[in-house]
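> protein_35.tsv is reproduced below (TSV, C-alpha atoms and all ligand atoms).
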```tsv
chain	number	residue	atom	x	y	z
P	1	MET	CA	61.01	181.15	45.57
P	2	THR	CA	59.15	178.24	47.23
P	3	THR	CA	59.59	178.02	50.97
P	4	VAL	CA	59.95	174.44	52.12
P	5	PRO	CA	58.42	173.87	55.57
P	6	THR	CA	60.75	172.74	58.34
P	7	LEU	CA	60.21	170.23	61.12
P	8	THR	CA	61.78	170.78	64.52
P	9	LEU	CA	63.82	167.80	65.68
P	10	ASN	CA	63.86	166.68	69.32
P	11	ASN	CA	66.94	168.81	70.06
P	12	GLY	CA	65.47	171.99	68.55
P	13	VAL	CA	67.32	171.76	65.23
P	14	GLU	CA	65.16	172.59	62.20
P	15	ILE	CA	65.19	170.32	59.16
P	16	PRO	CA	63.63	171.15	55.77
P	17	GLN	CA	60.89	168.54	55.26
P	18	LEU	CA	61.83	168.17	51.58
P	19	GLY	CA	65.41	167.53	50.54
P	20	PHE	CA	67.43	165.92	47.77
P	21	GLY	CA	68.98	162.42	47.93
P	22	VAL	CA	72.11	161.40	46.08
P	23	PHE	CA	72.11	157.58	46.37
P	24	GLN	CA	73.34	156.12	43.06
P	25	VAL	CA	74.42	159.49	41.68
P	26	PRO	CA	77.82	158.65	40.14
P	27	PRO	CA	80.66	160.43	42.00
P	28	GLU	CA	81.88	162.17	38.84
P	29	GLU	CA	78.41	163.62	38.19
P	30	THR	CA	77.54	164.52	41.76
P	31	LYS	CA	78.88	168.08	41.79
P	32	ASP	CA	76.85	169.06	38.72
P	33	VAL	CA	73.71	167.23	39.83
P	34	VAL	CA	73.79	168.82	43.29
P	35	LEU	CA	74.47	172.27	41.83
P	36	GLN	CA	71.32	171.86	39.75
P	37	ALA	CA	69.33	170.72	42.79
P	38	LEU	CA	70.51	173.76	44.75
P	39	ASP	CA	69.57	175.94	41.78
P	40	VAL	CA	66.05	174.44	41.77
P	41	GLY	CA	65.80	175.40	45.45
P	42	TYR	CA	66.61	172.29	47.50
P	43	ARG	CA	68.40	173.22	50.74
P	44	HIS	CA	68.68	169.77	52.31
P	45	LEU	CA	71.08	167.14	50.94
P	46	ASP	CA	71.17	163.47	51.95
P	47	THR	CA	74.40	161.60	51.22
P	48	ALA	CA	76.34	158.77	52.86
P	49	GLN	CA	79.86	157.42	53.09
P	50	MET	CA	78.51	154.32	51.31
P	51	TYR	CA	77.45	156.36	48.25
P	52	GLY	CA	81.04	157.40	47.51
P	53	ASN	CA	79.96	160.88	46.44
P	54	GLU	CA	80.42	163.10	49.53
P	55	ARG	CA	83.27	164.92	47.77
P	56	GLY	CA	80.99	165.93	44.91
P	57	VAL	CA	78.42	167.19	47.41
P	58	GLY	CA	81.14	169.24	49.11
P	59	GLU	CA	82.34	170.68	45.80
P	60	ALA	CA	78.80	171.72	44.90
P	61	LEU	CA	78.30	173.36	48.30
P	62	ALA	CA	81.53	175.32	47.85
P	63	GLU	CA	80.78	176.32	44.26
P	64	SER	CA	77.16	177.28	44.94
P	65	GLY	CA	78.20	180.32	46.95
P	66	LEU	CA	75.50	179.50	49.51
P	67	ALA	CA	76.32	179.99	53.18
P	68	ARG	CA	76.99	176.71	54.96
P	69	SER	CA	74.11	177.49	57.33
P	70	ASP	CA	71.70	177.71	54.37
P	71	VAL	CA	71.97	174.01	53.54
P	72	PHE	CA	71.09	171.08	55.81
P	73	VAL	CA	73.61	168.29	55.18
P	74	THR	CA	73.21	164.67	56.26
P	75	THR	CA	75.72	161.87	55.92
P	76	LYS	CA	75.89	158.34	57.34
P	77	LEU	CA	78.41	156.02	58.93
P	78	ASN	CA	79.30	153.19	56.57
P	79	ASN	CA	78.82	149.60	57.66
P	80	GLY	CA	82.52	148.75	57.87
P	81	TYR	CA	83.29	151.12	60.74
P	82	LEU	CA	82.17	149.03	63.66
P	83	ASP	CA	84.65	150.10	66.33
P	84	HIS	CA	85.07	153.44	68.06
P	85	GLU	CA	88.36	154.50	66.47
P	86	SER	CA	87.46	153.64	62.88
P	87	ALA	CA	84.06	155.35	63.23
P	88	LEU	CA	85.67	158.56	64.50
P	89	LEU	CA	88.19	158.47	61.68
P	90	ALA	CA	85.49	157.83	59.07
P	91	PHE	CA	83.45	160.74	60.41
P	92	GLN	CA	86.43	163.09	60.06
P	93	GLU	CA	86.96	161.83	56.51
P	94	SER	CA	83.33	162.72	55.76
P	95	LEU	CA	83.83	166.25	57.05
P	96	ASP	CA	86.98	166.58	54.94
P	97	ALA	CA	85.23	165.28	51.80
P	98	LEU	CA	82.26	167.56	52.38
P	99	GLY	CA	84.59	170.51	53.02
P	100	THR	CA	82.90	171.47	56.26
P	101	ASP	CA	83.64	171.45	59.98
P	102	HIS	CA	80.21	170.04	60.87
P	103	VAL	CA	77.25	168.18	59.43
P	104	ASP	CA	73.65	168.88	60.37
P	105	LEU	CA	72.82	165.21	60.83
P	106	PHE	CA	74.98	162.10	61.15
P	107	LEU	CA	73.35	158.67	61.04
P	108	ILE	CA	74.25	155.05	61.67
P	109	HIS	CA	73.42	153.74	58.18
P	110	TRP	CA	72.34	150.18	59.13
P	111	PRO	CA	71.93	148.52	62.55
P	112	LEU	CA	73.57	145.23	61.40
P	113	PRO	CA	72.08	143.40	64.40
P	114	THR	CA	73.60	140.06	63.38
P	115	VAL	CA	77.09	141.54	62.93
P	116	ALA	CA	77.90	143.96	65.75
P	117	ASP	CA	76.46	145.92	68.64
P	118	TYR	CA	74.71	149.05	67.38
P	119	VAL	CA	74.57	150.43	70.94
P	120	ALA	CA	78.36	150.76	70.97
P	121	ARG	CA	78.26	152.59	67.62
P	122	TRP	CA	75.54	154.89	68.98
P	123	ARG	CA	77.83	155.84	71.90
P	124	THR	CA	80.44	156.96	69.35
P	125	LEU	CA	77.80	159.13	67.68
P	126	GLU	CA	76.92	160.58	71.09
P	127	GLU	CA	80.57	161.55	71.46
P	128	ILE	CA	80.59	163.19	68.02
P	129	TYR	CA	77.40	165.08	68.94
P	130	ALA	CA	78.96	166.30	72.19
P	131	SER	CA	81.94	167.61	70.19
P	132	GLY	CA	79.60	169.88	68.18
P	133	ARG	CA	80.71	168.45	64.83
P	134	ALA	CA	77.23	167.02	64.18
P	135	ARG	CA	74.33	169.33	65.04
P	136	SER	CA	72.14	166.27	65.43
P	137	ILE	CA	72.56	162.50	65.29
P	138	GLY	CA	70.22	159.73	64.33
P	139	VAL	CA	69.84	156.25	62.94
P	140	SER	CA	68.73	154.59	59.75
P	141	ASN	CA	66.98	151.30	59.13
P	142	PHE	CA	66.39	150.77	62.85
P	143	GLN	CA	63.46	148.52	63.74
P	144	PRO	CA	61.15	149.16	66.72
P	145	SER	CA	63.17	146.84	68.99
P	146	HIS	CA	66.41	148.61	68.03
P	147	LEU	CA	64.93	152.02	68.86
P	148	ARG	CA	63.64	150.81	72.21
P	149	ARG	CA	67.00	149.29	73.12
P	150	LEU	CA	68.82	152.56	72.36
P	151	ARG	CA	66.30	154.45	74.45
P	152	ALA	CA	66.79	152.09	77.39
P	153	GLU	CA	70.59	151.92	77.28
P	154	THR	CA	71.85	155.29	76.04
P	155	THR	CA	71.46	159.00	76.75
P	156	VAL	CA	70.78	160.90	73.53
P	157	VAL	CA	67.49	160.09	71.79
P	158	PRO	CA	68.08	159.80	68.02
P	159	ALA	CA	66.75	162.88	66.22
P	160	VAL	CA	65.58	160.80	63.24
P	161	ASN	CA	65.16	157.26	61.99
P	162	GLN	CA	65.58	157.07	58.21
P	163	VAL	CA	63.67	154.04	56.92
P	164	GLU	CA	62.13	152.77	53.70
P	165	VAL	CA	58.62	154.19	53.33
P	166	HIS	CA	56.39	154.55	50.25
P	167	PRO	CA	52.81	153.66	49.33
P	168	TYR	CA	53.69	149.95	48.97
P	169	LEU	CA	55.46	149.92	52.39
P	170	ARG	CA	53.79	152.23	54.91
P	171	ASN	CA	56.10	150.96	57.65
P	172	ASP	CA	53.68	152.38	60.22
P	173	GLU	CA	54.87	150.37	63.21
P	174	VAL	CA	58.38	151.78	63.16
P	175	ARG	CA	56.97	155.26	62.46
P	176	ALA	CA	54.66	154.95	65.49
P	177	VAL	CA	57.46	153.86	67.82
P	178	GLY	CA	59.53	156.76	66.51
P	179	ALA	CA	56.70	159.18	67.22
P	180	GLU	CA	56.27	157.75	70.73
P	181	LEU	CA	59.99	158.25	71.48
P	182	GLY	CA	60.25	161.70	69.84
P	183	ILE	CA	62.17	160.44	66.79
P	184	ALA	CA	61.23	161.97	63.41
P	185	THR	CA	60.81	159.59	60.49
P	186	GLU	CA	62.66	160.16	57.23
P	187	ALA	CA	61.20	158.15	54.34
P	188	TRP	CA	63.82	156.75	51.98
P	189	SER	CA	63.03	155.66	48.41
P	190	PRO	CA	59.86	157.75	48.75
P	191	ILE	CA	58.65	156.84	45.25
P	192	ALA	CA	60.04	153.27	45.58
P	193	GLN	CA	62.65	154.17	42.95
P	194	GLY	CA	59.82	154.76	40.49
P	195	LYS	CA	58.00	151.46	41.09
P	196	VAL	CA	54.81	153.07	42.43
P	197	LEU	CA	54.40	155.59	39.63
P	198	ASP	CA	52.22	153.42	37.37
P	199	ASP	CA	49.89	152.47	40.21
P	200	PRO	CA	46.26	153.04	39.04
P	201	THR	CA	45.25	154.77	42.29
P	202	LEU	CA	48.18	157.20	42.15
P	203	VAL	CA	47.57	157.80	38.43
P	204	ARG	CA	43.87	158.52	39.11
P	205	VAL	CA	44.53	160.93	41.99
P	206	ALA	CA	47.22	162.66	39.95
P	207	ARG	CA	44.83	163.12	36.99
P	208	GLN	CA	42.13	164.53	39.26
P	209	LEU	CA	44.54	167.10	40.70
P	210	ASP	CA	46.39	167.79	37.44
P	211	ARG	CA	49.64	166.64	39.07
P	212	THR	CA	51.99	163.74	38.43
P	213	PRO	CA	52.00	160.42	40.35
P	214	ALA	CA	55.42	161.36	41.78
P	215	GLN	CA	54.06	164.66	43.11
P	216	VAL	CA	51.02	162.95	44.61
P	217	THR	CA	53.23	160.33	46.29
P	218	LEU	CA	55.63	162.91	47.71
P	219	ARG	CA	52.73	165.05	48.91
P	220	TRP	CA	51.29	161.96	50.68
P	221	HIS	CA	54.57	161.62	52.60
P	222	LEU	CA	54.59	165.31	53.58
P	223	GLN	CA	51.00	165.17	54.81
P	224	ARG	CA	51.89	162.11	56.90
P	225	GLY	CA	54.57	164.24	58.55
P	226	ASP	CA	57.68	162.46	57.27
P	227	VAL	CA	60.83	164.02	55.83
P	228	VAL	CA	61.59	163.07	52.19
P	229	PHE	CA	64.49	163.54	49.79
P	230	PRO	CA	63.69	162.12	46.34
P	231	LYS	CA	66.66	161.53	44.06
P	232	SER	CA	66.86	162.47	40.42
P	233	VAL	CA	69.66	163.28	38.03
P	234	THR	CA	67.07	164.83	35.67
P	235	ARG	CA	66.51	168.58	36.02
P	236	SER	CA	62.81	168.46	35.01
P	237	ARG	CA	62.16	165.79	37.67
P	238	MET	CA	64.06	167.78	40.30
P	239	GLU	CA	61.65	170.64	39.54
P	240	GLU	CA	58.61	168.35	39.49
P	241	ASN	CA	59.55	166.83	42.85
P	242	PHE	CA	60.03	170.29	44.36
P	243	ALA	CA	56.59	171.61	43.31
P	244	LEU	CA	54.60	170.17	46.20
P	245	PHE	CA	53.41	173.16	48.16
P	246	ASP	CA	50.54	174.57	46.13
P	247	PHE	CA	48.15	171.63	46.34
P	248	GLU	CA	46.77	169.28	48.97
P	249	LEU	CA	45.47	165.72	49.09
P	250	SER	CA	42.01	165.26	50.58
P	251	ALA	CA	41.40	162.85	53.47
P	252	THR	CA	39.88	160.46	50.90
P	253	ASP	CA	42.96	160.63	48.66
P	254	MET	CA	45.18	160.00	51.69
P	255	ALA	CA	43.09	157.00	52.72
P	256	ASP	CA	43.10	155.58	49.18
P	257	ILE	CA	46.90	155.82	49.03
P	258	ASP	CA	47.20	154.37	52.56
P	259	GLY	CA	45.26	151.41	51.18
P	260	LEU	CA	48.02	150.53	48.71
P	261	ASP	CA	50.31	149.16	51.42
P	262	ARG	CA	51.42	145.61	50.70
P	263	GLY	CA	54.49	145.40	52.91
P	264	GLU	CA	56.74	145.37	49.85
P	265	ARG	CA	60.35	146.41	50.32
P	266	THR	CA	62.57	147.64	47.48
P	267	GLY	CA	65.65	147.39	49.72
P	268	PRO	CA	67.03	144.90	52.23
P	269	ASP	CA	65.35	143.79	55.46
P	270	PRO	CA	67.10	145.64	58.32
P	271	ASP	CA	66.77	142.65	60.67
P	272	THR	CA	68.90	140.43	58.44
P	273	PHE	CA	70.98	142.84	56.32
P	274	ASP	CA	74.60	142.09	57.19
P	275	TYR	CA	76.66	143.59	54.36
P	276	VAL	CA	79.97	144.91	55.63
P	277	PRO	CA	82.45	146.13	53.00
P	278	SER	CA	85.88	144.57	53.28
P	279	ALA	CA	88.71	146.90	54.31
P	280	SER	CA	90.39	148.46	51.29
N	301	LIG	N1	69.25	155.07	54.55
N	301	LIG	C1	69.16	154.19	53.57
N	301	LIG	O1	69.44	152.99	53.75
N	301	LIG	C2	68.71	154.65	52.22
N	301	LIG	C3	68.42	153.70	51.21
N	301	LIG	C4	67.97	154.17	49.97
N	301	LIG	C5	67.86	155.55	49.75
N	301	LIG	N2	68.18	156.44	50.74
N	301	LIG	C6	68.08	157.91	50.54
N	301	LIG	O2	66.81	158.22	49.98
N	301	LIG	C7	67.00	158.93	48.75
N	301	LIG	C8	65.86	158.66	47.78
N	301	LIG	O3	65.72	157.26	47.56
N	301	LIG	P1	66.14	156.52	46.19
N	301	LIG	O4	67.19	157.33	45.53
N	301	LIG	O5	66.48	155.12	46.51
N	301	LIG	O6	64.81	156.46	45.36
N	301	LIG	P2	63.60	157.45	44.95
N	301	LIG	O7	63.92	158.85	45.29
N	301	LIG	O8	62.36	156.82	45.48
N	301	LIG	O9	63.59	157.25	43.36
N	301	LIG	C9	64.67	157.63	42.55
N	301	LIG	C10	64.43	157.06	41.13
N	301	LIG	O10	63.20	157.57	40.61
N	301	LIG	C11	63.44	158.33	39.45
N	301	LIG	N3	62.63	159.56	39.59
N	301	LIG	C12	62.81	160.58	40.43
N	301	LIG	N4	61.84	161.50	40.30
N	301	LIG	C13	61.01	161.05	39.35
N	301	LIG	C14	59.83	161.55	38.78
N	301	LIG	N5	59.31	162.72	39.15
N	301	LIG	N6	59.22	160.82	37.80
N	301	LIG	C15	59.72	159.63	37.40
N	301	LIG	N7	60.84	159.10	37.92
N	301	LIG	C16	61.49	159.80	38.88
N	301	LIG	C17	64.93	158.63	39.41
N	301	LIG	O11	65.39	158.66	38.09
N	301	LIG	P3	66.52	159.68	37.50
N	301	LIG	O12	67.53	159.92	38.59
N	301	LIG	O13	67.07	158.91	36.35
N	301	LIG	O14	65.80	160.93	37.09
N	301	LIG	C18	65.49	157.42	40.15
N	301	LIG	O15	65.62	156.32	39.26
N	301	LIG	C19	68.37	158.41	48.27
N	301	LIG	O16	68.92	159.20	47.24
N	301	LIG	C20	69.13	158.44	49.58
N	301	LIG	O17	69.52	159.75	49.89
N	301	LIG	C21	68.59	155.99	51.96
```
In structure tokens, what does this structure look like?


Amino acid sequence: MTTVPTLTLNNGVEIPQLGFGVFQVPPEETKDVVLQALDVGYRHLDTAQMYGNERGVGEALAESGLARSDVFVTTKLNNGYLDHESALLAFQESLDALGTDHVDLFLIHWPLPTVADYVARWRTLEEIYASGRARSIGVSNFQPSHLRRLRAETTVVPAVNQVEVHPYLRNDEVRAVGAELGIATEAWSPIAQGKVLDDPTLVRVARQLDRTPAQVTLRWHLQRGDVVFPKSVTRSRMEENFALFDFELSATDMADIDGLDRGERTGPDPDTFDYVPSAS
């Protein structure tokens, strides 16, 4: 079976560089989809309270028969939990849904800088980390200024920053600040939800290497040193996206793909995104 390389986070925890994301996997399908991903060989799952499918992830973990320590599990604090008490409660609900007493990584999903103080939320994550119920903690969608403010005002350096990155959005400034502060970058929507796959440069490189544009794009991320977790509900694509470790992109291929950057987001701008679900 393929061995996925791991990266060592700033607290010594190892994370598989390739995982499987479950954004937009319907809750009722999640158990089956994740069981297939585990069967393909993925050992790193990326979910979130916002996705509404943590329970399905937990059911798949239980049914797979794998040891808890064999699978790296990430979830994220939803935007509605802005105060200390509700964040702690929401975290416990995640553990219950996932059927585990700890996660490997817990993230603040969005900074919401126009809504509430992300530093206060980070202190709650520090408390969760100290309790041992999250082996590592990090952030998502944090901009360079947000990372620097956390570094200046809090104790624990985030282990990761999970941000949108793909060939049309290299997002190199936030990646560079992360690298400077010891924060690993996780690249979300690594194939831009499919939007990059018809790109003539990616199609050309893929033809030359007898690979697919998705494989070339994911390989580009890995060679840049980021963590990725492509999502697919389609078994053949799960397999395709996992077959990344028997070929390499040349420096020229890497530079050609770097050249596709056009600062184009598929998701919201973290500086202005202010969506907070109403209490149900
Ligand atoms: N922190 C955040 O704010 C944030 C935001 C977005 C995403 N994420 C995380 O990042 C993960 C990945 O991002 P994403 O789900 O937005 O997008 P993605 O992985 O870039 O793309 C997923 C889409 O591409 C299709 N696809 C997958 N592999 C393919 C292949 N080999 N060939 C052709 N099409 C393929 C999938 O279709 P099918 O499923 O129909 O096969 C799906 O429509 C998420 O699942 C989530 O865990 C985090």

> For ligand LIG 301 (chain N), list the contacting residues at 7 Å or closer, counting only C-alpha atoms and all ligand atoms, as a PyMOL selection string.

chain P and resi 20-24+46-47+109-110+140-141+162-164+188-194+214-215+229-234+237-238+240-241

> One decimal, Å: what's the distance from CA of His146 (chain P) over to CA of Leu218 (chain P), could you say?

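Taking CA of His146 (chain P) and CA of Leu218 (chain P), their separation equals 27.1 Å.
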
> If we count all atoms listed in the file, what is near Val160 (chain P) at a cut-off of 8 Å, once residues fewer than 3 positions away on the same chain are taken out, given as a VMD selection string?

chain P and resid 9 137 to 140 178 183 to 186

> For region 66-74 of chain P, please output as a tab-separated table (two decimals) with C-alpha atoms, in the coordinates of the input all residues within 7 Å (counting all atoms listed in the file; exclusion window: fewer than 4 positions along the same chain).


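Output below, filename out02.tsv:
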```
chain	number	residue	atom	x	y	z
P	15	ILE	CA	65.19	170.32	59.16
P	43	ARG	CA	68.40	173.22	50.74
P	44	HIS	CA	68.68	169.77	52.31
P	45	LEU	CA	71.08	167.14	50.94
P	46	ASP	CA	71.17	163.47	51.95
P	47	THR	CA	74.40	161.60	51.22
P	61	LEU	CA	78.30	173.36	48.30
P	103	VAL	CA	77.25	168.18	59.43
P	104	ASP	CA	73.65	168.88	60.37
P	105	LEU	CA	72.82	165.21	60.83
P	106	PHE	CA	74.98	162.10	61.15
```

> Using only C-alpha atoms, which protein or nucleic acid residues come within 10 Å of region 126-134 of chain P? Drop anything in the same chain fewer than 3 positions from it, and give the result as a list in words.

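After dropping sequence-adjacent residues, the list is Val73, Thr74, Thr75, His84, Ala87, Leu88, Phe91, Gln92, Leu95, Thr100, Asp101, His102, Val103, Asp104, Leu105, Phe106, Leu107, Ala120, Arg121, Trp122, Arg123, Ile137, Gly138, Thr154, Thr155, Val156, Val157 and Pro158 of chain P.
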
> Check the smallest atom-to-atom distance from each of P:Leu82, P:Leu38, P:Leu147, P:Leu89 to Ala116 (chain P) using all atoms listed in the file, then report the winner.

P:Leu82

> Using all atoms listed in the file, which residue out of P:Ala48, P:Leu249, P:Leu112, P:Ala60 lies closest to Asp32 (chain P)?

P:Ala60

> Could you pull out every residue with an atom within 12 Å of (53.7, 145.9, 51.9), file coordinates, counting only C-alpha atoms, and send them as a ChimeraX atom specification?

/P:164-172,192,196,258-266

> Dig up all the protein and nucleic acid residues within 9 Å of (88.1, 168.8, 50.4) in the file frame, using only C-alpha atoms, and format them as number ranges by chain.

P: 55, 58-59, 95-100

> What is the CA of Arg175 (chain P) to CA of Pro213 (chain P) distance in Å?

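Straight-line distance from CA of Arg175 (chain P) to CA of Pro213 (chain P) works out to 23.2 Å.
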